[in-house]
>>> print(open('start-v8.txt').read())   # compact mmCIF, C-alpha atoms
# COMPACT_ATOMS: atom_id res chain seq x y z
CA MET A 1 85.53 234.44 191.92
CA HIS A 2 85.38 236.51 188.73
CA ASN A 3 88.75 238.21 188.20
CA GLY A 4 87.64 240.08 185.10
CA TYR A 5 88.77 239.87 181.50
CA ALA A 6 92.01 240.02 179.55
CA VAL A 7 91.25 241.39 176.11
CA ILE A 8 94.05 240.57 173.71
CA ASP A 9 94.98 241.46 170.15
CA LEU A 10 97.98 240.30 168.15
CA GLU A 11 99.75 241.58 165.09
CA THR A 12 101.39 238.77 163.14
CA THR A 13 103.64 238.26 160.13
CA GLY A 14 100.88 236.42 158.25
CA LEU A 15 97.83 234.22 158.42
CA ALA A 16 98.91 230.87 159.83
CA PRO A 17 101.51 229.74 162.37
CA SER A 18 101.66 226.38 160.60
CA TYR A 19 103.35 228.26 157.72
CA GLY A 20 106.01 229.72 160.03
CA HIS A 21 104.23 232.98 160.82
CA ARG A 22 104.90 234.58 164.19
CA ILE A 23 103.52 237.14 166.62
CA ILE A 24 105.16 240.57 166.28
CA GLU A 25 103.02 242.69 168.62
CA ILE A 26 100.84 242.03 171.67
CA GLY A 27 98.21 244.33 173.14
CA ILE A 28 96.33 243.45 176.34
CA VAL A 29 93.57 245.36 178.15
CA HIS A 30 92.43 244.24 181.60
CA VAL A 31 88.70 244.78 182.10
CA THR A 32 86.69 244.49 185.32
CA PRO A 33 83.76 242.05 185.64
CA ASP A 34 81.48 245.09 185.11
CA GLY A 35 83.14 245.94 181.81
CA GLU A 36 85.37 248.86 182.87
CA VAL A 37 88.92 249.20 181.55
CA GLU A 38 91.54 248.75 184.30
CA GLN A 39 94.99 248.84 182.71
CA THR A 40 96.76 248.17 179.44
CA PHE A 41 99.96 246.44 178.33
CA GLU A 42 101.71 246.34 174.98
CA THR A 43 104.94 245.23 173.42
CA VAL A 44 106.49 244.57 170.06
CA VAL A 45 107.93 241.07 169.71
CA ASN A 46 111.01 240.17 167.68
CA PRO A 47 110.07 237.10 165.59
CA ASN A 48 113.58 236.59 164.21
CA ARG A 49 112.20 236.51 160.67
CA ASP A 50 110.81 239.00 158.16
CA LEU A 51 107.91 241.04 159.48
CA GLY A 52 105.36 240.41 156.74
CA PRO A 53 103.12 243.29 155.50
CA VAL A 54 105.07 246.23 156.96
CA HIS A 55 102.99 248.71 154.94
CA ILE A 56 99.94 247.58 156.94
CA HIS A 57 101.15 247.19 160.52
CA ARG A 58 104.01 249.73 160.10
CA LEU A 59 106.48 247.69 162.15
CA ARG A 60 109.94 247.55 160.56
CA GLY A 61 113.20 245.85 161.33
CA ALA A 62 114.51 248.97 163.08
CA ASP A 63 111.58 248.76 165.51
CA MET A 64 112.82 245.36 166.64
CA ALA A 65 116.17 246.65 167.85
CA GLY A 66 116.22 245.71 171.53
CA ALA A 67 112.71 244.24 171.34
CA PRO A 68 112.01 241.10 173.40
CA THR A 69 111.33 237.75 171.76
CA PHE A 70 108.21 235.75 172.60
CA ALA A 71 110.33 233.61 174.92
CA ASP A 72 111.27 236.82 176.77
CA VAL A 73 107.66 237.93 177.31
CA ALA A 74 105.95 234.54 177.72
CA GLY A 75 106.17 234.56 181.53
CA ASP A 76 104.69 238.05 181.88
CA LEU A 77 102.08 237.26 179.25
CA ALA A 78 100.93 234.11 181.06
CA ASP A 79 100.70 236.04 184.34
CA ARG A 80 98.60 238.77 182.72
CA LEU A 81 96.17 236.20 181.31
CA GLN A 82 96.05 233.96 184.40
CA GLY A 83 92.65 233.74 186.09
CA ARG A 84 90.95 236.08 183.62
CA VAL A 85 88.52 235.40 180.80
CA VAL A 86 90.58 235.74 177.62
CA VAL A 87 88.68 237.82 175.08
CA ALA A 88 89.47 238.67 171.46
CA HIS A 89 87.70 239.64 168.27
CA ASN A 90 87.87 236.48 166.16
CA ALA A 91 89.30 234.68 169.19
CA SER A 92 90.12 231.49 167.28
CA PHE A 93 92.78 233.40 165.30
CA GLU A 94 94.50 234.82 168.40
CA ALA A 95 94.20 231.47 170.24
CA ARG A 96 95.84 229.63 167.33
CA PHE A 97 98.92 231.89 167.42
CA LEU A 98 99.17 231.81 171.22
CA ARG A 99 99.06 228.00 171.19
CA ALA A 100 101.77 227.84 168.54
CA GLU A 101 104.08 230.27 170.35
CA PHE A 102 103.79 228.49 173.71
CA GLU A 103 104.29 225.12 172.03
CA ARG A 104 107.54 226.39 170.53
CA LEU A 105 108.70 226.82 174.12
CA GLY A 106 107.49 223.36 175.13
CA HIS A 107 104.40 224.57 176.99
CA ARG A 108 100.69 224.00 176.45
CA SER A 109 98.20 226.83 176.18
CA PRO A 110 94.81 226.37 177.91
CA LEU A 111 93.16 227.72 174.77
CA LYS A 112 92.86 224.29 173.20
CA GLN A 113 89.50 225.02 171.53
CA ALA A 114 87.87 228.11 170.04
CA SER A 115 85.34 228.07 172.88
CA SER A 116 88.15 228.43 175.43
CA ALA A 117 88.27 232.19 174.72
CA LEU A 118 85.37 234.61 174.55
CA CYS A 119 84.89 235.96 171.02
CA THR A 120 83.31 239.38 170.54
CA MET A 121 82.87 238.61 166.85
CA ARG A 122 80.69 235.59 167.64
CA LEU A 123 78.81 237.49 170.35
CA ALA A 124 77.92 240.11 167.72
CA GLN A 125 75.51 237.60 166.19
CA GLU A 126 73.55 237.86 169.44
CA PHE A 127 74.07 241.48 170.49
CA LEU A 128 74.22 242.98 166.99
CA PRO A 129 72.05 240.76 164.78
CA GLY A 130 72.74 241.42 161.12
CA SER A 131 76.05 243.15 161.81
CA GLY A 132 79.18 242.40 159.86
CA ARG A 133 82.17 240.53 161.28
CA LYS A 134 84.94 243.08 161.52
CA LEU A 135 85.77 244.93 164.70
CA ALA A 136 85.25 248.35 163.11
CA ASP A 137 81.75 247.39 161.93
CA CYS A 138 80.72 246.08 165.36
CA CYS A 139 82.19 249.11 167.13
CA SER A 140 80.38 251.58 164.88
CA ALA A 141 77.03 250.21 166.11
CA TYR A 142 77.90 251.57 169.57
CA ASP A 143 79.76 254.71 168.38
CA ILE A 144 83.04 253.23 169.59
CA GLU A 145 85.87 254.86 167.67
CA LEU A 146 88.56 252.57 166.35
CA VAL A 147 91.74 254.54 165.76
CA ASP A 148 95.05 253.22 164.50
CA ALA A 149 93.66 249.97 163.13
CA HIS A 150 96.35 247.29 162.71
CA GLU A 151 97.96 248.28 166.01
CA ALA A 152 97.58 245.59 168.66
CA LEU A 153 96.77 247.84 171.61
CA ALA A 154 94.38 250.06 169.63
CA ASP A 155 92.42 247.02 168.45
CA ALA A 156 92.50 245.46 171.94
CA HIS A 157 91.20 248.70 173.48
CA ALA A 158 88.34 248.93 170.97
CA THR A 159 87.50 245.27 171.61
CA ALA A 160 87.49 245.97 175.37
CA ARG A 161 85.01 248.80 174.89
CA LEU A 162 82.86 246.57 172.69
CA LEU A 163 82.91 243.92 175.42
CA GLY A 164 81.90 246.59 177.94
CA ALA A 165 78.96 247.56 175.73
CA TYR A 166 77.83 243.93 175.55
CA ILE A 167 78.08 243.57 179.33
CA GLY A 168 76.28 246.86 179.91
CA SER A 169 73.30 245.74 177.84
CA SER A 170 72.96 242.37 179.61
CA ARG A 171 74.31 242.66 183.15
CA ARG A 172 71.91 240.05 184.52
CA ASP A 173 72.95 237.41 182.00
CA PRO A 174 74.33 234.54 184.14
CA ARG A 175 76.80 233.60 181.40
CA TRP A 176 79.14 236.42 182.42
CA THR A 177 79.58 234.69 185.78
CA THR A 178 79.87 231.28 184.14
CA TRP A 179 82.63 232.49 181.84
CA GLY A 180 84.46 233.88 184.87
CA ASP A 181 84.26 230.50 186.60
CA VAL A 182 85.64 228.76 183.50
CA ALA A 183 88.58 231.18 183.33
CA GLY A 184 89.34 230.54 186.98
CA GLY A 185 89.87 226.88 186.14
CA GLN A 186 92.25 227.56 183.26
CA ARG A 187 95.94 227.27 184.01
CA TRP A 188 98.46 229.11 181.90
CA PRO A 189 101.93 227.54 181.89
CA GLY A 190 104.31 228.57 184.64
CA VAL A 191 106.94 230.08 182.37
CA PRO A 192 109.77 231.76 184.31
CA ARG A 193 109.74 235.54 183.91
CA SER A 194 112.79 236.83 182.05
CA GLY A 195 112.79 240.32 183.48
CA ARG A 196 112.89 241.81 179.97
CA ALA A 197 110.84 244.99 179.68
CA TRP A 198 107.89 245.20 177.33
CA ILE A 199 108.54 247.79 174.63
CA ALA A 200 105.77 249.77 172.93
CA ARG A 201 105.94 250.43 169.20
CA ASN A 202 107.50 253.59 167.86
CA ARG A 203 104.55 255.82 166.97
CA SER A 204 106.55 258.67 165.46
CA THR A 205 105.81 257.31 161.98
CA GLY A 206 102.18 258.43 162.25
CA VAL A 207 99.01 256.62 161.25
CA ALA A 208 99.01 254.27 158.26
CA THR A 209 96.91 255.17 155.25
CA ARG A 210 94.43 252.37 154.65
CA THR A 211 93.50 251.45 151.10
CA ARG A 212 89.89 251.86 150.05
CA VAL A 213 89.57 248.08 149.64
CA ASP A 214 90.83 247.61 153.20
CA VAL A 215 88.27 250.15 154.48
CA ALA A 216 85.56 248.41 152.45
CA THR A 217 86.12 245.18 154.41
CA ASP A 218 84.81 247.07 157.47
CA ARG A 219 81.39 247.22 155.79
CA LEU A 220 81.01 243.65 154.60
CA PRO A 221 77.73 241.99 155.65
CA ALA A 222 77.37 238.88 157.76
CA VAL A 223 77.81 235.52 156.06
CA ASP A 224 74.75 233.31 155.91
CA GLY A 225 75.54 229.78 156.94
CA SER A 226 77.53 227.93 159.54
CA ALA A 227 79.82 229.27 162.23
CA GLU A 228 82.67 227.70 160.27
CA ALA A 229 81.78 229.81 157.24
CA THR A 230 81.88 232.93 159.41
CA LEU A 231 85.28 231.98 160.80
CA TYR A 232 86.61 231.40 157.30
CA ALA A 233 85.17 234.72 156.07
CA ALA A 234 86.94 236.43 158.97
CA VAL A 235 90.24 234.96 157.74
CA LEU A 236 89.41 236.32 154.28
CA ASP A 237 88.82 239.74 155.85
CA ARG A 238 92.25 239.61 157.40
CA ALA A 239 93.94 238.49 154.20
CA VAL A 240 92.31 241.27 152.17
CA SER A 241 92.71 244.06 154.72
CA GLU A 242 96.36 243.17 155.32
CA ASP A 243 97.03 242.80 151.58
CA LEU A 244 98.02 239.14 151.96
CA LEU A 245 97.22 238.25 148.37
CA ALA A 246 100.14 236.10 147.23
CA ALA A 247 100.04 232.48 146.10
CA SER A 248 101.37 231.29 149.47
CA ASP A 249 98.51 233.11 151.16
CA ALA A 250 96.05 231.20 148.96
CA ASP A 251 97.61 227.97 150.23
CA GLN A 252 97.07 229.12 153.81
CA LEU A 253 93.43 229.95 153.06
CA SER A 254 92.97 226.47 151.64
CA ALA A 255 94.39 225.00 154.86
CA TYR A 256 91.94 227.05 156.93
CA ALA A 257 89.01 225.90 154.77
CA THR A 258 90.02 222.28 155.31
CA GLU A 259 90.35 222.84 159.05
CA PHE A 260 86.89 224.44 159.18
CA GLY A 261 85.35 221.58 157.20
CA LEU A 262 84.47 223.57 154.07
CA ASP A 263 84.57 221.45 150.93
CA ALA A 264 85.65 222.84 147.55
CA ALA A 265 82.10 223.67 146.42
CA ALA A 266 81.19 225.47 149.65
CA ARG A 267 84.45 227.39 149.56
CA ALA A 268 84.02 228.45 145.93
CA ASN A 269 80.47 229.62 146.61
CA LEU A 270 81.58 231.60 149.65
CA HIS A 271 84.41 233.17 147.62
CA ARG A 272 81.95 234.37 144.95
CA ARG A 273 79.58 235.87 147.50
CA TYR A 274 82.44 237.44 149.43
CA PHE A 275 83.92 239.01 146.32
CA GLY A 276 80.54 240.39 145.22
CA ASP A 277 79.98 241.93 148.66
CA LEU A 278 83.49 243.42 148.61
CA VAL A 279 82.99 245.03 145.20
CA GLU A 280 79.66 246.50 146.34
CA ALA A 281 81.28 247.90 149.49
CA VAL A 282 84.06 249.52 147.44
CA TRP A 283 81.43 251.02 145.10
CA ALA A 284 79.36 252.36 148.03
CA ASP A 285 80.49 255.98 147.64
CA GLY A 286 80.00 255.90 143.87
CA VAL A 287 83.71 255.81 143.03
CA LEU A 288 85.96 253.03 141.78
CA THR A 289 89.55 254.16 141.25
CA ILE A 290 92.16 252.50 139.07
CA GLN A 291 94.01 251.47 142.24
CA ASP A 292 90.79 249.92 143.56
CA HIS A 293 90.43 247.89 140.38
CA ILE A 294 94.05 246.73 140.54
CA GLN A 295 93.66 245.58 144.12
CA LEU A 296 90.33 243.89 143.35
CA GLU A 297 92.07 242.00 140.56
CA ARG A 298 94.59 240.70 143.11
CA VAL A 299 91.79 239.68 145.47
CA ALA A 300 90.03 237.93 142.59
CA ARG A 301 93.16 235.88 141.86
CA LEU A 302 93.45 234.95 145.53
CA LEU A 303 89.83 233.75 145.61
CA GLY A 304 89.85 231.98 142.25
CA VAL A 305 87.45 234.49 140.68
CA THR A 306 87.79 234.53 136.89
CA ASN A 307 88.36 237.69 134.86
CA ASP A 308 84.83 237.44 133.44
CA GLU A 309 83.38 237.11 136.94
CA LEU A 310 85.52 240.06 138.06
CA GLU A 311 84.28 242.35 135.30
CA HIS A 312 80.68 241.23 135.79
CA ALA A 313 80.89 241.92 139.53
CA VAL A 314 82.44 245.36 138.97
CA HIS A 315 80.08 246.55 136.23
CA SER A 316 76.88 245.05 137.64
CA ARG A 317 77.39 246.99 140.88
CA GLN A 318 77.99 250.46 139.46
CA PRO A 319 75.98 253.17 141.27
CA ALA A 320 73.43 253.41 138.46
CA ARG A 321 72.55 249.77 139.09
CA MET A 322 72.64 249.95 142.88
CA GLY A 323 69.51 252.01 143.30
CA ALA A 324 68.07 251.97 146.79
CA ARG A 325 71.04 250.05 148.16
CA SER A 326 73.31 253.08 147.68
CA PHE A 327 74.02 255.21 150.75
CA SER A 328 72.83 258.29 148.86
CA ALA A 329 69.40 256.71 148.50
CA VAL A 330 68.70 257.05 152.23
CA GLN A 331 66.04 259.73 152.51
CA GLN A 332 66.83 262.49 154.99
CA PRO A 333 64.08 264.75 156.39
CA THR A 334 63.62 268.21 154.90
CA ALA A 335 62.84 271.40 156.80
CA ALA A 336 59.16 270.84 156.01
CA ALA A 337 59.29 267.58 157.87
CA VAL A 338 60.00 269.45 161.09
CA GLU A 339 56.73 271.35 160.77
CA SER A 340 54.76 268.22 159.91
CA PRO A 341 56.51 265.25 161.47
CA SER A 342 55.82 261.84 160.06
CA ILE A 343 57.42 259.09 162.12
CA ASP A 344 56.07 255.64 161.47
CA LEU A 345 56.77 254.17 164.88
CA GLU A 346 54.50 251.67 166.51
CA GLU A 347 54.46 250.26 170.02
CA GLY A 348 57.40 247.90 170.28
CA SER A 349 59.53 249.81 167.75
CA ILE A 350 63.23 250.19 168.53
CA VAL A 351 65.03 253.52 168.10
CA THR A 352 68.59 254.64 168.75
CA LEU A 353 69.96 258.08 169.60
CA THR A 354 73.27 259.64 168.56
CA GLY A 355 74.91 262.98 169.25
CA GLU A 356 74.46 265.61 171.98
CA MET A 357 70.75 266.35 172.29
CA ARG A 358 69.25 269.49 173.85
CA ARG A 359 67.42 267.30 176.36
CA SER A 360 69.12 264.52 178.27
CA ARG A 361 68.86 261.05 176.80
CA PRO A 362 67.16 259.63 179.91
CA GLU A 363 64.37 262.20 179.49
CA ILE A 364 63.89 261.38 175.82
CA GLU A 365 64.03 257.64 176.48
CA ALA A 366 61.45 257.98 179.25
CA ASP A 367 59.07 259.80 176.86
CA LEU A 368 59.56 257.08 174.26
CA ALA A 369 59.00 254.35 176.84
CA ARG A 370 55.65 255.87 177.79
CA LEU A 371 54.60 255.31 174.18
CA GLY A 372 55.86 251.72 174.24
CA ILE A 373 58.90 252.55 172.08
CA ARG A 374 62.19 251.03 173.19
CA SER A 375 65.52 252.82 172.85
CA ALA A 376 68.65 250.76 172.22
CA PRO A 377 72.30 251.83 172.61
CA ASN A 378 73.33 250.29 169.29
CA VAL A 379 72.16 250.22 165.69
CA THR A 380 71.09 246.88 164.24
CA LYS A 381 68.82 245.87 161.38
CA LYS A 382 65.97 245.84 163.91
CA THR A 383 66.38 249.58 164.53
CA ALA A 384 63.39 251.46 163.10
CA VAL A 385 64.93 254.93 163.09
CA LEU A 386 68.07 256.75 164.27
CA ILE A 387 67.45 260.02 166.10
CA ALA A 388 70.38 262.39 165.56
CA ALA A 389 71.34 265.84 166.75
CA ASP A 390 72.59 266.27 163.16
CA VAL A 391 71.19 264.21 160.27
CA ASP A 392 74.53 264.56 158.50
CA SER A 393 76.31 263.07 161.52
CA LEU A 394 79.53 261.20 160.86
CA SER A 395 79.15 259.03 163.98
CA GLY A 396 79.55 255.28 163.77
CA LYS A 397 75.86 254.83 164.49
CA ALA A 398 74.96 257.14 161.60
CA ARG A 399 77.28 255.29 159.22
CA LYS A 400 75.75 252.01 160.32
CA ALA A 401 72.21 253.37 159.82
CA ARG A 402 73.05 254.48 156.29
CA GLN A 403 74.62 251.10 155.60
CA TYR A 404 71.37 249.38 156.65
CA GLY A 405 69.10 251.95 154.97
CA ILE A 406 67.62 253.01 158.32
CA PRO A 407 66.01 256.51 158.29
CA ILE A 408 67.84 259.24 160.21
CA ILE A 409 65.74 262.07 161.64
CA GLU A 410 66.64 265.17 163.62
CA GLU A 411 65.70 265.54 167.26
CA ASP A 412 63.33 268.41 166.35
CA VAL A 413 61.24 265.99 164.32
CA LEU A 414 61.10 263.60 167.24
CA GLU A 415 60.25 266.34 169.72
CA ALA A 416 57.38 267.56 167.52
CA ALA A 417 56.06 264.01 167.23
CA LEU A 418 56.32 263.47 170.99
CA ALA A 419 54.48 266.74 171.61
CA ALA A 420 51.73 265.72 169.19
CA ALA A 421 51.47 262.33 170.87
CA GLY A 422 51.20 264.02 174.26
CA GLN A 423 48.39 266.29 173.05
CA GLY A 424 46.60 263.30 171.61
CA SER A 425 46.72 261.39 174.88
CA ALA A 426 45.56 264.47 176.78
CA ARG A 427 42.43 264.54 174.64
>>> encode(input="start-v8.txt", output="structure tokens")
Amino acid sequence: MHNGYAVIDLETTGLAPSYGHRIIEIGIVHVTPDGEVEQTFETVVNPNRDLGPVHIHRLRGADMAGAPTFADVAGDLADRLQGRVVVAHNASFEARFLRAEFERLGHRSPLKQASSALCTMRLAQEFLPGSGRKLADCCSAYDIELVDAHEALADAHATARLLGAYIGSSRRDPRWTTWGDVAGGQRWPGVPRSGRAWIARNRSTGVATRTRVDVATDRLPAVDGSAEATLYAAVLDRAVSEDLLAASDADQLSAYATEFGLDAAARANLHRRYFGDLVEAVWADGVLTIQDHIQLERVARLLGVTNDELEHAVHSRQPARMGARSFSAVQQPTAAAVESPSIDLEEGSIVTLTGEMRRSRPEIEADLARLGIRSAPNVTKKTAVLIAADVDSLSGKARKARQYGIPIIEEDVLEAALAAAGQGSAR
């Protein structure tokens, strides 16, 4: 019997439990087998140590007054995961911390291997070919809004919606049932429940301001190579976005590389490519501030990038050198294009729609289907064109289309083309 999914996200004091880092916040979203959100749970967790990058996750010592420890919530946590498929974005990271915390209490976690939990980041390689790794990047392909990043429940909720989008696009895939059967055989430890209440974070402090370098990590492209390289790049994403750029953090990265089987040469090559992609993502809007440069210098030191390589990466990717790869180079249709539509779509082309259209989407999709053109709910590199109610749309799908250089056209252009196609078939 498929009991559904438990989507989990953790905020932690750092990168690796083997270096003494702990869980400080837990967010869980229960999802039905059909991909619908059922209920949510969240709590801050007192780690009895410093809280790490407080300027990122915005949890301070005062927030831990009266907060339960992991030992206090372990029983409830195990019950809320029991019998469900555990899901996370970059599941190996969450599984590693859960294993460590339960082992501290003398219990074993059933998440002994990365494959024990379902990873929406890994599934993106199948459902969103060409997409980046980060949750925000994957969500934007489906117009799923990610608010309050670096909050456990917010990230868990976005991951749950992403999972629902995956399920919705492949309901007949037998693997969903298989994963449910596997979860039914997993046994979380029978930790006695303490009776301590779960306590949500204090949200009166407002939303954190993310640095431009942090935001840029949302747009980093996929890593070519092994699954291990992708997992390591995801750890780099976390280190950069959470501003974990100290020497001790470099040691933790080295430990991850060893665990993933990346030798020194492979790691150095990945670092150079990663840094180049990061600089290009920061430059994407044509601006590089002094603060950006300072933070990039810190990232360069973390990754072993020399000063010469840093300056070359920064100056070789200035907007004047970026050309067609710049967002501003995406050609938008002019008013004249509405009168004389020119849509280069062939049978088998894939299009995506965004925004509130004058006609219902099922009607438009039916017209496209009659021409052999398939509509998809998400934007990938295989998308031929994005149809938008507004070509200047700020939706996630529109941002993703601009990132990939996919043309964006207004619905009027599409309607004119469909009308012309209908007249042609009538003749």
>>> residues_around(input="start-v8.txt", residues="A:Arg374", least_positions_apart="2", cutoff="8 Å", atoms="only C-alpha atoms", output="ChimeraX atom specification")
/A:348-351,365,368-369,372,376
>>> write_last_selection(input="start-v8.txt", atoms="C-alpha atoms", output="PDB file, in the coordinates of the input")
ATOM      1  CA  GLY A 348      57.400 247.900 170.280  1.00  0.00           C
ATOM      2  CA  SER A 349      59.530 249.810 167.750  1.00  0.00           C
ATOM      3  CA  ILE A 350      63.230 250.190 168.530  1.00  0.00           C
ATOM      4  CA  VAL A 351      65.030 253.520 168.100  1.00  0.00           C
ATOM      5  CA  GLU A 365      64.030 257.640 176.480  1.00  0.00           C
ATOM      6  CA  LEU A 368      59.560 257.080 174.260  1.00  0.00           C
ATOM      7  CA  ALA A 369      59.000 254.350 176.840  1.00  0.00           C
ATOM      8  CA  GLY A 372      55.860 251.720 174.240  1.00  0.00           C
ATOM      9  CA  ALA A 376      68.650 250.760 172.220  1.00  0.00           C
TER      10      ALA A 376
END
>>> atom_distance(input="start-v8.txt", atom1="atom CA of A:Gly261", atom2="atom CA of A:Ala229")
9.0 Å
>>> atom_distance(input="start-v8.txt", atom1="atom CA of A:Arg272", atom2="atom CA of A:Ala149")
26.7 Å
>>> residues_around(input="start-v8.txt", residues="stretch 389-398 of chain A", least_positions_apart="6", cutoff="8 Å", atoms="all atoms listed in the file", output="count of residues only")
18
>>> residues_around(input="start-v8.txt", residues="A:Glu311", least_positions_apart="6", cutoff="12 Å", atoms="only C-alpha atoms", output="VMD selection string")
chain A and resid 275 to 276 279 293 to 294 296 to 297 300 305 317 to 318
>>> closest_residue(input="start-v8.txt", among="A:Leu146, A:Pro110, A:Arg58, A:Trp176", to="A:Pro33", atoms="all atoms listed in the file")
A:Trp176
>>> residues_around(input="start-v8.txt", residues="A:Val235", least_positions_apart="6", cutoff="10 Å", atoms="all atoms listed in the file", output="PDB file with C-alpha atoms, in the coordinates of the input")
ATOM      1  CA  LEU A  15      97.830 234.220 158.420  1.00  0.00           C
ATOM      2  CA  ALA A  16      98.910 230.870 159.830  1.00  0.00           C
ATOM      3  CA  ASN A  90      87.870 236.480 166.160  1.00  0.00           C
ATOM      4  CA  PHE A  93      92.780 233.400 165.300  1.00  0.00           C
ATOM      5  CA  ALA A 229      81.780 229.810 157.240  1.00  0.00           C
ATOM      6  CA  SER A 241      92.710 244.060 154.720  1.00  0.00           C
ATOM      7  CA  GLN A 252      97.070 229.120 153.810  1.00  0.00           C
ATOM      8  CA  LEU A 253      93.430 229.950 153.060  1.00  0.00           C
ATOM      9  CA  TYR A 256      91.940 227.050 156.930  1.00  0.00           C
ATOM     10  CA  ALA A 257      89.010 225.900 154.770  1.00  0.00           C
TER      11      ALA A 257
END
>>> closest_residue(input="start-v8.txt", among="A:Ala156, A:Ala136, A:Arg161, A:Gly20", to="A:Ala100", atoms="all atoms listed in the file")
A:Gly20
>>> residues_near_point(input="start-v8.txt", point="(103.8, 248.2, 172.4)", cutoff="6 Å", atoms="all atoms listed in the file", output="list of chain:residue names")
A:Glu42, A:Thr43, A:Val44, A:Ile199, A:Ala200, A:Arg201
>>> atom_distance(input="start-v8.txt", atom1="atom CA of A:Ser131", atom2="atom CA of A:Tyr404")
9.3 Å
>>> closest_residue(input="start-v8.txt", among="A:Ser92, A:Ser316, A:Thr211, A:Asn269", to="A:Glu228", atoms="only C-alpha atoms")
A:Ser92
>>> residues_around(input="start-v8.txt", residues="stretch 119-130 of chain A", least_positions_apart="4", cutoff="8 Å", atoms="all atoms listed in the file", output="ChimeraX atom specification")
/A:87-92,134-135,138,141,159,162-163,166,221-222,378-382
>>> write_last_selection(input="start-v8.txt", atoms="C-alpha atoms", output="CSV table (one decimal), in the frame of the given file")
chain,number,residue,atom,x,y,z
A,87,VAL,CA,88.7,237.8,175.1
A,88,ALA,CA,89.5,238.7,171.5
A,89,HIS,CA,87.7,239.6,168.3
A,90,ASN,CA,87.9,236.5,166.2
A,91,ALA,CA,89.3,234.7,169.2
A,92,SER,CA,90.1,231.5,167.3
A,134,LYS,CA,84.9,243.1,161.5
A,135,LEU,CA,85.8,244.9,164.7
A,138,CYS,CA,80.7,246.1,165.4
A,141,ALA,CA,77.0,250.2,166.1
A,159,THR,CA,87.5,245.3,171.6
A,162,LEU,CA,82.9,246.6,172.7
A,163,LEU,CA,82.9,243.9,175.4
A,166,TYR,CA,77.8,243.9,175.6
A,221,PRO,CA,77.7,242.0,155.6
A,222,ALA,CA,77.4,238.9,157.8
A,378,ASN,CA,73.3,250.3,169.3
A,379,VAL,CA,72.2,250.2,165.7
A,380,THR,CA,71.1,246.9,164.2
A,381,LYS,CA,68.8,245.9,161.4
A,382,LYS,CA,66.0,245.8,163.9
>>> closest_residue(input="start-v8.txt", among="A:Arg219, A:Arg49, A:Arg402, A:His2", to="A:Asp137", atoms="all atoms listed in the file")
A:Arg219
